[in-house]
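Data from query_29.pdb: PDB, C-alpha atoms, pLDDT in the B column
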```pdb
ATOM      1  CA  MET A  18      -1.808  15.359  30.581  1.00 45.00           C
ATOM      2  CA  ALA A  19      -2.182  14.712  26.831  1.00 51.00           C
ATOM      3  CA  GLU A  20      -4.633  12.099  25.686  1.00 60.00           C
ATOM      4  CA  ASN A  21      -3.148   9.066  23.964  1.00 62.00           C
ATOM      5  CA  THR A  22      -4.945   9.078  20.610  1.00 92.00           C
ATOM      6  CA  GLN A  23      -5.229   6.130  18.284  1.00 95.00           C
ATOM      7  CA  ILE A  24      -5.568   5.695  14.546  1.00 95.00           C
ATOM      8  CA  GLN A  25      -6.615   2.734  12.469  1.00 97.00           C
ATOM      9  CA  LEU A  26      -4.515   1.581   9.536  1.00 97.00           C
ATOM     10  CA  VAL A  27      -5.291  -0.830   6.732  1.00 96.00           C
ATOM     11  CA  THR A  28      -2.095  -2.867   6.419  1.00 96.00           C
ATOM     12  CA  PHE A  29      -0.800  -4.670   3.358  1.00 95.00           C
ATOM     13  CA  GLN A  30       2.363  -6.173   1.987  1.00 93.00           C
ATOM     14  CA  LEU A  31       4.440  -4.875  -0.903  1.00 92.00           C
ATOM     15  CA  GLY A  32       7.480  -7.059  -1.401  1.00 89.00           C
ATOM     16  CA  GLU A  33       8.964  -7.952   1.975  1.00 88.00           C
ATOM     17  CA  GLU A  34       7.676  -4.877   3.822  1.00 90.00           C
ATOM     18  CA  ILE A  35       4.379  -4.187   5.593  1.00 93.00           C
ATOM     19  CA  TYR A  36       2.747  -0.840   4.832  1.00 94.00           C
ATOM     20  CA  GLY A  37      -0.267   0.912   6.273  1.00 96.00           C
ATOM     21  CA  VAL A  38      -2.605   3.673   5.178  1.00 96.00           C
ATOM     22  CA  ASP A  39      -5.166   5.520   7.247  1.00 96.00           C
ATOM     23  CA  ILE A  40      -8.453   3.614   7.144  1.00 96.00           C
ATOM     24  CA  MET A  41     -10.260   6.894   6.416  1.00 95.00           C
ATOM     25  CA  ASP A  42      -8.425   7.083   3.056  1.00 95.00           C
ATOM     26  CA  VAL A  43      -9.479   3.563   1.995  1.00 97.00           C
ATOM     27  CA  LYS A  44     -12.720   3.186   0.073  1.00 96.00           C
ATOM     28  CA  GLU A  45     -12.494  -0.591  -0.310  1.00 95.00           C
ATOM     29  CA  ILE A  46     -10.334  -3.588  -1.135  1.00 94.00           C
ATOM     30  CA  VAL A  47     -11.028  -5.602  -4.276  1.00 93.00           C
ATOM     31  CA  LYS A  48      -9.646  -8.757  -5.842  1.00 89.00           C
ATOM     32  CA  ILE A  49      -7.403  -8.478  -8.885  1.00 81.00           C
ATOM     33  CA  ARG A  50      -9.371  -7.370 -11.918  1.00 79.00           C
ATOM     34  CA  LYS A  51      -8.515  -7.091 -15.567  1.00 89.00           C
ATOM     35  CA  VAL A  52      -6.781  -3.765 -16.093  1.00 94.00           C
ATOM     36  CA  ARG A  53      -6.909  -2.030 -19.453  1.00 94.00           C
ATOM     37  CA  PRO A  54      -3.670  -0.210 -20.391  1.00 94.00           C
ATOM     38  CA  ILE A  55      -3.934   3.463 -21.290  1.00 88.00           C
ATOM     39  CA  PRO A  56      -1.614   5.297 -23.698  1.00 87.00           C
ATOM     40  CA  ASN A  57       0.650   8.131 -22.518  1.00 85.00           C
ATOM     41  CA  ALA A  58       0.226   7.238 -18.852  1.00 87.00           C
ATOM     42  CA  PRO A  59       3.158   7.542 -16.424  1.00 88.00           C
ATOM     43  CA  TYR A  60       5.272   4.339 -16.278  1.00 90.00           C
ATOM     44  CA  TYR A  61       3.821   3.297 -12.912  1.00 92.00           C
ATOM     45  CA  VAL A  62       0.164   3.495 -14.045  1.00 92.00           C
ATOM     46  CA  GLU A  63      -0.939  -0.019 -14.995  1.00 94.00           C
ATOM     47  CA  GLY A  64      -4.159   1.180 -16.599  1.00 93.00           C
ATOM     48  CA  ILE A  65      -7.820   1.489 -15.656  1.00 94.00           C
ATOM     49  CA  PHE A  66     -10.654  -0.803 -14.647  1.00 93.00           C
ATOM     50  CA  ASN A  67     -14.390  -0.461 -14.183  1.00 93.00           C
ATOM     51  CA  LEU A  68     -15.690  -0.758 -10.617  1.00 93.00           C
ATOM     52  CA  ARG A  69     -19.483  -0.550 -10.546  1.00 93.00           C
ATOM     53  CA  SER A  70     -19.569   1.975 -13.414  1.00 93.00           C
ATOM     54  CA  GLU A  71     -16.710   4.071 -12.015  1.00 93.00           C
ATOM     55  CA  ILE A  72     -13.444   4.121 -13.977  1.00 92.00           C
ATOM     56  CA  ILE A  73     -10.528   3.642 -11.566  1.00 93.00           C
ATOM     57  CA  PRO A  74      -6.874   4.254 -12.529  1.00 94.00           C
ATOM     58  CA  VAL A  75      -4.514   1.573 -11.173  1.00 94.00           C
ATOM     59  CA  ILE A  76      -1.084   2.432  -9.785  1.00 93.00           C
ATOM     60  CA  ASN A  77       1.786  -0.020  -9.432  1.00 93.00           C
ATOM     61  CA  LEU A  78       3.880   1.042  -6.413  1.00 91.00           C
ATOM     62  CA  HIS A  79       6.330  -1.777  -7.224  1.00 91.00           C
ATOM     63  CA  LYS A  80       7.285   0.164 -10.356  1.00 92.00           C
ATOM     64  CA  ARG A  81       7.009   3.587  -8.736  1.00 88.00           C
ATOM     65  CA  PHE A  82       9.478   2.704  -5.963  1.00 86.00           C
ATOM     66  CA  GLN A  83      11.421  -0.220  -7.515  1.00 86.00           C
ATOM     67  CA  ILE A  84      10.073  -2.762  -4.988  1.00 87.00           C
ATOM     68  CA  GLN A  85      10.370  -6.481  -5.769  1.00 85.00           C
ATOM     69  CA  LYS A  86       7.054  -8.345  -5.806  1.00 85.00           C
ATOM     70  CA  LEU A  87       6.414 -10.796  -2.998  1.00 81.00           C
ATOM     71  CA  ALA A  88       7.399 -14.349  -3.976  1.00 76.00           C
ATOM     72  CA  GLN A  89       4.333 -16.531  -4.562  1.00 66.00           C
ATOM     73  CA  THR A  90       3.759 -19.399  -2.141  1.00 61.00           C
ATOM     74  CA  ASP A  91       1.446 -22.392  -2.094  1.00 54.00           C
ATOM     75  CA  GLU A  92      -0.203 -21.133   1.097  1.00 55.00           C
ATOM     76  CA  GLU A  93      -3.853 -20.180   1.192  1.00 47.00           C
ATOM     77  CA  ASN A  94      -4.116 -17.182  -1.064  1.00 51.00           C
ATOM     78  CA  GLU A  95      -7.664 -15.988  -0.447  1.00 47.00           C
ATOM     79  CA  PHE A  96      -6.378 -12.460   0.220  1.00 48.00           C
ATOM     80  CA  GLU A  97      -3.282 -12.623  -1.973  1.00 67.00           C
ATOM     81  CA  GLY A  98      -3.055  -9.810  -4.435  1.00 80.00           C
ATOM     82  CA  GLY A  99      -5.656  -7.229  -5.208  1.00 90.00           C
ATOM     83  CA  PHE A 100      -6.201  -3.515  -5.191  1.00 94.00           C
ATOM     84  CA  ILE A 101      -6.744  -1.084  -2.375  1.00 96.00           C
ATOM     85  CA  ILE A 102      -9.062   1.626  -3.632  1.00 96.00           C
ATOM     86  CA  LEU A 103      -7.931   4.912  -2.105  1.00 95.00           C
ATOM     87  CA  ASN A 104      -9.892   8.127  -1.936  1.00 93.00           C
ATOM     88  CA  ILE A 105      -7.434  10.988  -2.475  1.00 90.00           C
ATOM     89  CA  ASP A 106      -9.074  14.409  -2.542  1.00 85.00           C
ATOM     90  CA  ASP A 107     -12.290  12.968  -4.042  1.00 87.00           C
ATOM     91  CA  ASN A 108     -10.395  10.949  -6.661  1.00 89.00           C
ATOM     92  CA  ARG A 109     -10.446   7.154  -6.531  1.00 93.00           C
ATOM     93  CA  ILE A 110      -7.179   5.358  -7.261  1.00 94.00           C
ATOM     94  CA  GLY A 111      -6.460   1.644  -7.160  1.00 95.00           C
ATOM     95  CA  VAL A 112      -3.081   0.562  -5.764  1.00 95.00           C
ATOM     96  CA  ILE A 113      -1.796  -2.933  -6.522  1.00 94.00           C
ATOM     97  CA  ILE A 114      -0.814  -4.848  -3.393  1.00 94.00           C
ATOM     98  CA  ASP A 115       0.859  -8.226  -2.928  1.00 93.00           C
ATOM     99  CA  LYS A 116      -1.178  -9.245   0.091  1.00 92.00           C
ATOM    100  CA  ILE A 117      -3.775  -7.602   2.308  1.00 92.00           C
ATOM    101  CA  ASN A 118      -3.018  -8.007   6.014  1.00 92.00           C
ATOM    102  CA  ARG A 119      -5.496  -6.541   8.477  1.00 92.00           C
ATOM    103  CA  VAL A 120      -6.773  -3.405  10.093  1.00 95.00           C
ATOM    104  CA  VAL A 121      -4.708  -2.432  13.115  1.00 95.00           C
ATOM    105  CA  THR A 122      -5.218   0.193  15.805  1.00 96.00           C
ATOM    106  CA  ILE A 123      -2.063   2.143  16.587  1.00 95.00           C
ATOM    107  CA  ASP A 124      -1.332   4.491  19.474  1.00 94.00           C
ATOM    108  CA  THR A 125       0.003   7.683  17.947  1.00 93.00           C
ATOM    109  CA  ALA A 126       2.688   7.720  20.688  1.00 93.00           C
ATOM    110  CA  ASP A 127       4.154   4.543  19.096  1.00 93.00           C
ATOM    111  CA  ILE A 128       4.717   6.224  15.720  1.00 94.00           C
ATOM    112  CA  LYS A 129       8.375   7.082  15.140  1.00 93.00           C
ATOM    113  CA  ASP A 130      10.031   9.229  12.485  1.00 89.00           C
ATOM    114  CA  PRO A 131      11.195   7.108   9.547  1.00 83.00           C
ATOM    115  CA  PRO A 132      14.860   6.444   8.805  1.00 75.00           C
ATOM    116  CA  GLN A 133      16.209   8.202   5.686  1.00 65.00           C
ATOM    117  CA  MET A 134      15.418   5.383   3.237  1.00 59.00           C
ATOM    118  CA  ILE A 135      13.207   2.317   3.472  1.00 57.00           C
ATOM    119  CA  SER A 136      13.017  -0.194   0.598  1.00 54.00           C
ATOM    120  CA  GLY A 137      13.394   2.488  -2.046  1.00 59.00           C
ATOM    121  CA  ILE A 138      10.626   4.692  -0.661  1.00 69.00           C
ATOM    122  CA  GLY A 139      11.985   8.052   0.443  1.00 73.00           C
ATOM    123  CA  THR A 140      11.010   9.556   3.778  1.00 80.00           C
ATOM    124  CA  GLU A 141       8.948  12.259   2.062  1.00 83.00           C
ATOM    125  CA  TYR A 142       6.308   9.589   1.321  1.00 87.00           C
ATOM    126  CA  ILE A 143       6.296   8.072   4.810  1.00 90.00           C
ATOM    127  CA  SER A 144       4.407   9.597   7.712  1.00 91.00           C
ATOM    128  CA  GLY A 145       5.881   7.256  10.333  1.00 93.00           C
ATOM    129  CA  VAL A 146       7.161   3.831  11.319  1.00 94.00           C
ATOM    130  CA  ILE A 147       5.777   1.541  14.020  1.00 95.00           C
ATOM    131  CA  ARG A 148       7.745  -1.387  15.440  1.00 90.00           C
ATOM    132  CA  GLN A 149       5.594  -4.526  15.645  1.00 83.00           C
ATOM    133  CA  ASP A 150       7.229  -7.660  17.023  1.00 80.00           C
ATOM    134  CA  SER A 151      10.357  -8.132  14.891  1.00 83.00           C
ATOM    135  CA  LYS A 152       9.080  -6.124  11.897  1.00 86.00           C
ATOM    136  CA  TYR A 153       8.246  -2.546  11.100  1.00 89.00           C
ATOM    137  CA  LEU A 154       4.956  -1.165   9.844  1.00 94.00           C
ATOM    138  CA  ILE A 155       5.563   1.705   7.436  1.00 93.00           C
ATOM    139  CA  MET A 156       2.823   4.353   7.322  1.00 94.00           C
ATOM    140  CA  LEU A 157       2.446   5.813   3.828  1.00 93.00           C
ATOM    141  CA  ASP A 158       1.360   9.391   3.274  1.00 91.00           C
ATOM    142  CA  ILE A 159      -0.796   8.873   0.200  1.00 90.00           C
ATOM    143  CA  ARG A 160      -1.200  12.606  -0.466  1.00 88.00           C
ATOM    144  CA  ARG A 161       2.557  12.990  -0.838  1.00 86.00           C
ATOM    145  CA  ILE A 162       2.984   9.911  -3.029  1.00 85.00           C
ATOM    146  CA  PHE A 163       0.908  11.615  -5.725  1.00 74.00           C
ATOM    147  CA  ASN A 164       1.330  15.366  -5.961  1.00 70.00           C
ATOM    148  CA  ALA A 165      -1.320  17.490  -7.686  1.00 71.00           C
ATOM    149  CA  ARG A 166       0.402  17.392 -11.089  1.00 73.00           C
ATOM    150  CA  GLU A 167       0.796  13.603 -10.951  1.00 73.00           C
ATOM    151  CA  MET A 168      -2.839  13.233  -9.908  1.00 76.00           C
ATOM    152  CA  ARG A 169      -3.937  15.132 -13.018  1.00 76.00           C
ATOM    153  CA  LYS A 170      -1.777  12.830 -15.187  1.00 74.00           C
ATOM    154  CA  ILE A 171      -3.139   9.718 -13.490  1.00 76.00           C
ATOM    155  CA  ILE A 172      -6.779  10.800 -13.671  1.00 73.00           C
ATOM    156  CA  ASP A 173      -6.495  12.091 -17.246  1.00 70.00           C
ATOM    157  CA  PRO A 174      -3.296  10.866 -18.990  1.00 60.00           C
ATOM    158  CA  THR A 175      -4.433  12.299 -22.345  1.00 56.00           C
ATOM    159  CA  GLY A 176      -4.036  15.813 -20.950  1.00 54.00           C
ATOM    160  CA  SER A 177      -7.527  17.047 -21.695  1.00 48.00           C
ATOM    161  CA  PHE A 178      -7.584  18.673 -18.223  1.00 42.00           C
ATOM    162  CA  ASP A 179      -4.661  20.983 -19.028  1.00 43.00           C
ATOM    163  CA  ASP A 180      -5.001  24.236 -17.121  1.00 40.00           C
TER     164      ASP A 180
END
```
Please go through the file and, once you have read it, give me the structure as structure tokens.
Amino acid sequence: MAENTQIQLVTFQLGEEIYGVDIMDVKEIVKIRKVRPIPNAPYYVEGIFNLRSEIIPVINLHKRFQIQKLAQTDEENEFEGGFIILNIDDNRIGVIIDKINRVVTIDTADIKDPPQMISGIGTEYISGVIRQDSKYLIMLDIRRIFNAREMRKIIDPTGSFDD
């Protein structure tokens, strides 16, 4: 009999949807910081910021996938907005989020294949969907969101890494 394995996901909101990424790919979560624009960057790169002497490029998935931002409310906004710092193949990338949710433990048996299209994000970027209460948690495959060529452009938009 196969063991029922579990994974932990850091969940966050982008627009009206809840997304999750493997906790092992998350370095940390930080509050919104001032981002400095960089010339010649792809349209979805907001810029860079300094995090304890490390320069981190910041990606806007709202722009990348044409997702509407979450409407602001007067509720407590201690965890509203910020960046999730991802570690993708030893590169750190900040992703703008509307709201951090929580860390959840998911049984891998509960992960279903995604439908063909979810909120503008194609299935090639989604590793699975989990039904939670009346909503769905969409698991992002961060290594597919940014292919190797895009990673080079994000890390060095000036092209000085050209191979």
Extract, using all atoms listed in the file, all DNA, RNA and protein residues at most 7 Å from range 59-66 of chain A, discarding same-chain residues fewer than 4 positions from it, and format them as a CSV table (one decimal) with C-alpha atoms, in the coordinates of the input.
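Writing done, so here's selection_2.csv:
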```csv
chain,number,residue,atom,x,y,z
A,51,LYS,CA,-8.5,-7.1,-15.6
A,52,VAL,CA,-6.8,-3.8,-16.1
A,53,ARG,CA,-6.9,-2.0,-19.5
A,54,PRO,CA,-3.7,-0.2,-20.4
A,55,ILE,CA,-3.9,3.5,-21.3
A,72,ILE,CA,-13.4,4.1,-14.0
A,73,ILE,CA,-10.5,3.6,-11.6
A,74,PRO,CA,-6.9,4.3,-12.5
A,75,VAL,CA,-4.5,1.6,-11.2
A,76,ILE,CA,-1.1,2.4,-9.8
A,77,ASN,CA,1.8,0.0,-9.4
A,78,LEU,CA,3.9,1.0,-6.4
A,80,LYS,CA,7.3,0.2,-10.4
A,81,ARG,CA,7.0,3.6,-8.7
```
Item to check | Contacts of Asp39 in chain A at 7 Å (all atoms listed in the file; same-chain gap of 4+ positions) as a PyMOL selection string | outcome: chain A and resi 25-27
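Minimum atom-to-atom distances from A:Met168, A:Ile159, A:Val47, A:Val146 to Ile35 in chain A were compared using only C-alpha atoms, and the lowest value belongs to A:Val146.
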Item to check | Expected selection from the PyMOL selection byres ((chain A and resi 101-108) around 6), given as a PyMOL selection string | outcome: chain A and resi 42-46+100+109-112
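Against the coordinates shown, the PyMOL selection byres ((chain A and resi 154) around 10) returns Leu26, Thr28, Phe29, Gln30, Glu34, Ile35, Tyr36, Gly37, Ile128, Gly145, Val146, Ile147, Arg148, Gln149, Asp150, Lys152, Tyr153, Ile155, Met156 and Leu157 of chain A.
Between CA of Asp158 in chain A and CA of Ala58 in chain A the interatomic distance comes to 22.3 Å.
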Checklist outcome for this item: Using all atoms listed in the file, the residue out of A:Glu33, A:Asp115, A:Glu141, A:Asp130 with shortest distance to Arg160 in chain A is A:Glu141
Item to check | Atomic separation - CA of Met41 in chain A relative to CA of Ile123 in chain A, Å | outcome: 13.9 Å
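For the pair CA of Thr140 in chain A and CA of Val38 in chain A, the interatomic distance is 14.9 Å.
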Next on the checklist: With distances taken over all atoms listed in the file, which residue among A:His79, A:Ser144, A:Pro131, A:Arg166 lies nearest Ile113 in chain A?
Outcome noted: A:His79
Checklist entry - Counting only C-alpha atoms, which of A:Ile143, A:Ser70, A:Gln23, A:Arg169 gets nearest to Lys129 in chain A? => result A:Ile143
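Across A:Ile24, A:Pro56, A:Leu31, A:Gly99, the tightest approach to Lys170 in chain A is made by A:Pro56 when counting only C-alpha atoms.
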